[in-house]
Protein chains: 2
Amino acid sequence: MNNSILVVDDEARMRKLIKDFLMAKGYNIIEAEDGEKALELFEENQSKICLILLDVMMPKLDGWSVLRQIRQKSQIPIIMLTARGEEQDELFGFELGVDEYISKPFSPKILVARVEAILKRMDANINRVKDCAGIEIDKDGRTVKVDGKFIDLSLREYELLEYLIENENIALSRDKILNNVWNYDYYGDTRTIDSHVKKIRSKLGKKGKFIKTIRGVGYKFEIK
Amino acid sequence: MNNSILVVDDEARMRKLIKDFLMAKGYNIIEAEDGEKALELFEENQSKICLILLDVMMPKLDGWSVLRQIRQKSQIPIIMLTARGEEQDELFGFELGVDEYISKPFSPKILVARVEAILKRMDANINRVKDCAGIEIDKDGRTVKVDGKFIDLSLREYELLEYLIENENIALSRDKILNNVWNYDYYGDTRTIDSHVKKIRSKLGKKGKFIKTIRGVGYKFEIK
DNA sequence: GTCTTATTTGTGAATTTTATGAAAATATTA
DNA sequence: TAATATTTTCATAAAATTCACAAATAAGAC
């Protein structure tokens, strides 16, 4: 779907380098060789693009101008590519809405890491609904559907389930759960979690088994 | 603990400059004035060092050679310090495992920022999963895979294995193991460890042999 | 090779931990 | 305030793990 990355750089060699590494990670790449082209392509493919990699130094329209124009209508994440000696600009760029800088030359590892870090950060904020193997959780509506059917969860049940799913594949100790789902000043029995887990499991039906018990530790949400 | 940075540069003035800024940020600095010295010091202090700042141009053994030798046994983050005009080498350097470049002259602010950015990213990645010759251990999920297949470990089994692998290549006495894996107030039979080792070995299958017996002492995890 | 010592291994009882159901306490709503 | 729903606690049942013991095996010393 929208996993295309717009790469804007006047050097074909640089574009190719970036393209190779990001395509290997499963992203689709749209290339632009200058600022004007970048704006055009962004316009055309806005719905597909999830992130822009933008070189600062370019003929015709430079990176800062492109940035300003895009920021007038979109909050899409933008990573600026700066060359040597442009460090001084980095500090001022954040005001204009730069999400991150990568200075050339950069290692592919760094490139991929930053891109993924940013996308993850965005996802967390934008993605208010998450679907885990048919358990659909809508954080705005605070509702949960299992196989398309709404199920009723009480406040604690909902929050506990949300927390578990938020931390999919991570084993959570009872203490950690209490600290995050309950108020941190809760001093009751740690076993109260078990009761809630029991209820959630039964309300999830067959999918209740995705809440795994980690003996001696706590619980983990895991689809397996 | 391991917050030392190895700074390798033939110019004493440059080393001092870097040292001053990084020490102000709480890092411990180990200095080397040439490549040979760098390799020696890295060997000696491997467990303490968390990052290497490596000048490219040096007498005796240049930065690239040092890089290559270190990469043969360690994935420690390495930042190369390049002088102006050495740009052409940089792309090839990434293949050798350079994490980042900083070109001289650089501002102290940039130096510190890059160092911290890399360390932060490494932290996030290193901590999560570790792969030792096909034994993959995920601390967040508290799961262990052997050759891609999940194996079930009980609480003690998991913690013991994690402890052994955490201390790869270090012989651990039974007392030390008891103190670290069991609650410190455990006063049972020290032979209990043996039973657990046995179970872990059998669950690891062929790879169980990586848990070595150190007669008269205890055990050691070692891939050999 | 034999003797001594340490380790491995299998077994099952004791212990620990979790699940469950139900009741008590608390909060919410009408 | 009464009725209702939710949260918490508790007791017991069920499940899984831990651990001690002892026989078998292996390693090292002489």
# chains A, B, ... in the order shown; residues from 1 in each chain; ligands from 1
>>> calpha_fit_rmsd(fixed="chain B", moving="chain A")
14.0 Å
>>> select_by_dssp(residues="range 47-218 of chain A", states="strand (DSSP E or B)", output="mmCIF file with C-alpha atoms, in the first residue's frame")
data_model
loop_
_atom_site.group_PDB
_atom_site.id
_atom_site.type_symbol
_atom_site.label_atom_id
_atom_site.label_comp_id
_atom_site.auth_asym_id
_atom_site.auth_seq_id
_atom_site.Cartn_x
_atom_site.Cartn_y
_atom_site.Cartn_z
ATOM 1 C CA ILE A 49 4.303 7.868 -0.302
ATOM 2 C CA CYS A 50 5.089 7.290 3.352
ATOM 3 C CA LEU A 51 8.378 9.154 3.642
ATOM 4 C CA ILE A 52 10.660 11.506 1.725
ATOM 5 C CA LEU A 53 14.452 11.421 1.587
ATOM 6 C CA LEU A 54 15.513 14.844 0.466
ATOM 7 C CA ASP A 55 18.940 16.042 -0.555
ATOM 8 C CA ILE A 78 11.024 14.052 5.776
ATOM 9 C CA ILE A 79 14.647 13.062 6.221
ATOM 10 C CA MET A 80 17.183 15.552 4.923
ATOM 11 C CA LEU A 81 20.405 14.359 3.370
ATOM 12 C CA THR A 82 23.151 16.817 4.067
ATOM 13 C CA GLU A 100 15.737 13.702 10.854
ATOM 14 C CA TYR A 101 19.084 14.317 9.225
ATOM 15 C CA ILE A 102 21.449 11.903 7.643
ATOM 16 C CA SER A 103 24.810 13.261 6.652
ATOM 17 C CA PHE A 106 26.167 7.454 5.450
ATOM 18 C CA VAL A 129 -6.466 0.595 14.763
ATOM 19 C CA LYS A 130 -4.479 -2.548 14.883
ATOM 20 C CA ASP A 131 -5.416 -5.975 13.709
ATOM 21 C CA CYS A 132 -3.715 -8.974 15.228
ATOM 22 C CA ILE A 135 -8.368 -9.242 16.997
ATOM 23 C CA GLU A 136 -9.081 -5.710 15.896
ATOM 24 C CA ILE A 137 -8.435 -2.989 18.378
ATOM 25 C CA ASP A 138 -9.507 0.619 17.843
ATOM 26 C CA THR A 143 -13.461 -1.027 21.002
ATOM 27 C CA VAL A 144 -12.362 -4.525 20.198
ATOM 28 C CA LYS A 145 -13.648 -6.769 17.487
ATOM 29 C CA VAL A 146 -12.962 -10.468 17.252
ATOM 30 C CA LYS A 149 -17.801 -8.945 15.982
ATOM 31 C CA PHE A 150 -17.615 -6.402 18.749
ATOM 32 C CA ILE A 151 -16.934 -7.785 22.199
ATOM 33 C CA LEU A 172 5.628 -8.552 30.540
ATOM 34 C CA SER A 173 6.113 -9.069 34.229
ATOM 35 C CA ILE A 211 -2.270 -14.399 25.626
ATOM 36 C CA LYS A 212 0.538 -16.650 26.739
ATOM 37 C CA THR A 213 1.397 -17.357 30.336
ATOM 38 C CA ILE A 214 5.066 -16.881 31.101
ATOM 39 C CA GLY A 218 3.760 -12.724 33.741
#
>>> interface_residues(of="chain B", to="chain D", cutoff="12 Å", atoms="only C-alpha atoms (C1' of nucleotides)", output="list in words")
Leu153, Ser154, Leu155, Arg156, Glu157, Trp182, Tyr186, Tyr187, Gly188, Asp189, Thr190, Arg191, Thr192, Ile193, Asp194, Ser195, His196, Thr213, Ile214, Arg215 and Gly216 of chain B
>>> interface_residues(of="chain B", to="chain A", cutoff="7 Å", atoms="only C-alpha atoms", output="list in words")
Glu90, Phe94, Val98, Asp99, Glu100, Tyr101, Asp140, Gly141, Arg142 and Leu155 of chain B
>>> write_last_selection(atoms="C-alpha atoms", output="mmCIF file, in the first residue's frame")
data_model
loop_
_atom_site.group_PDB
_atom_site.id
_atom_site.type_symbol
_atom_site.label_atom_id
_atom_site.label_comp_id
_atom_site.auth_asym_id
_atom_site.auth_seq_id
_atom_site.Cartn_x
_atom_site.Cartn_y
_atom_site.Cartn_z
ATOM 1 C CA GLU B 90 34.121 6.456 1.952
ATOM 2 C CA PHE B 94 30.821 1.043 4.324
ATOM 3 C CA VAL B 98 32.056 1.539 8.878
ATOM 4 C CA ASP B 99 29.096 2.859 10.801
ATOM 5 C CA GLU B 100 29.609 6.556 10.302
ATOM 6 C CA TYR B 101 32.059 9.142 9.032
ATOM 7 C CA ASP B 140 12.115 -9.336 25.268
ATOM 8 C CA GLY B 141 10.065 -12.298 24.308
ATOM 9 C CA ARG B 142 12.029 -14.666 26.507
ATOM 10 C CA LEU B 155 11.939 -20.251 33.877
#
>>> residues_around(residues="Ser74 in chain B", least_positions_apart="3", cutoff="12 Å", atoms="only C-alpha atoms (C1' of nucleotides)", output="JSON, numbers by chain")
{"B": [39, 42, 43, 46, 47, 49, 50, 51, 52, 66, 67, 68, 69, 70, 71, 77, 78, 97]}
>>> select_by_dssp(residues="range 74-178 of chain A", states="helix (DSSP H, G or I)", output="MDAnalysis selection string")
chainID A and resid 87:96 108:126 155:166 174:178
>>> interface_residues(of="chain C", to="chain A", cutoff="8 Å", atoms="only C-alpha atoms (C1' of nucleotides)", output="NGL selection string")
:C and (17-19)
>>> atom_distance(atom1="C1' of DT29 in chain C", atom2="CA of Asp185 in chain A")
26.6 Å
>>> atom_distance(atom1="CA of Lys16 in chain B", atom2="CA of Lys73 in chain B")
28.2 Å
>>> residues_around(residues="Ala38 in chain A", least_positions_apart="5", cutoff="8 Å", atoms="only C-alpha atoms (C1' of nucleotides)", output="list of chain:residue names")
A:Leu6, A:Val8, A:Glu31, A:Ala32, A:Glu33, A:Val66
>>> write_last_selection(atoms="C-alpha atoms", output="PDB file, in the first residue's frame")
ATOM      1  CA  LEU A   6      10.360   9.379  -2.501  1.00  0.00           C
ATOM      2  CA  VAL A   8      15.166  13.224  -4.149  1.00  0.00           C
ATOM      3  CA  GLU A  31      13.023   8.772  -7.710  1.00  0.00           C
ATOM      4  CA  ALA A  32      13.265  12.473  -8.409  1.00  0.00           C
ATOM      5  CA  GLU A  33      16.371  14.174  -9.762  1.00  0.00           C
ATOM      6  CA  VAL A  66      11.015  21.671  -1.460  1.00  0.00           C
TER       7      VAL A  66
END
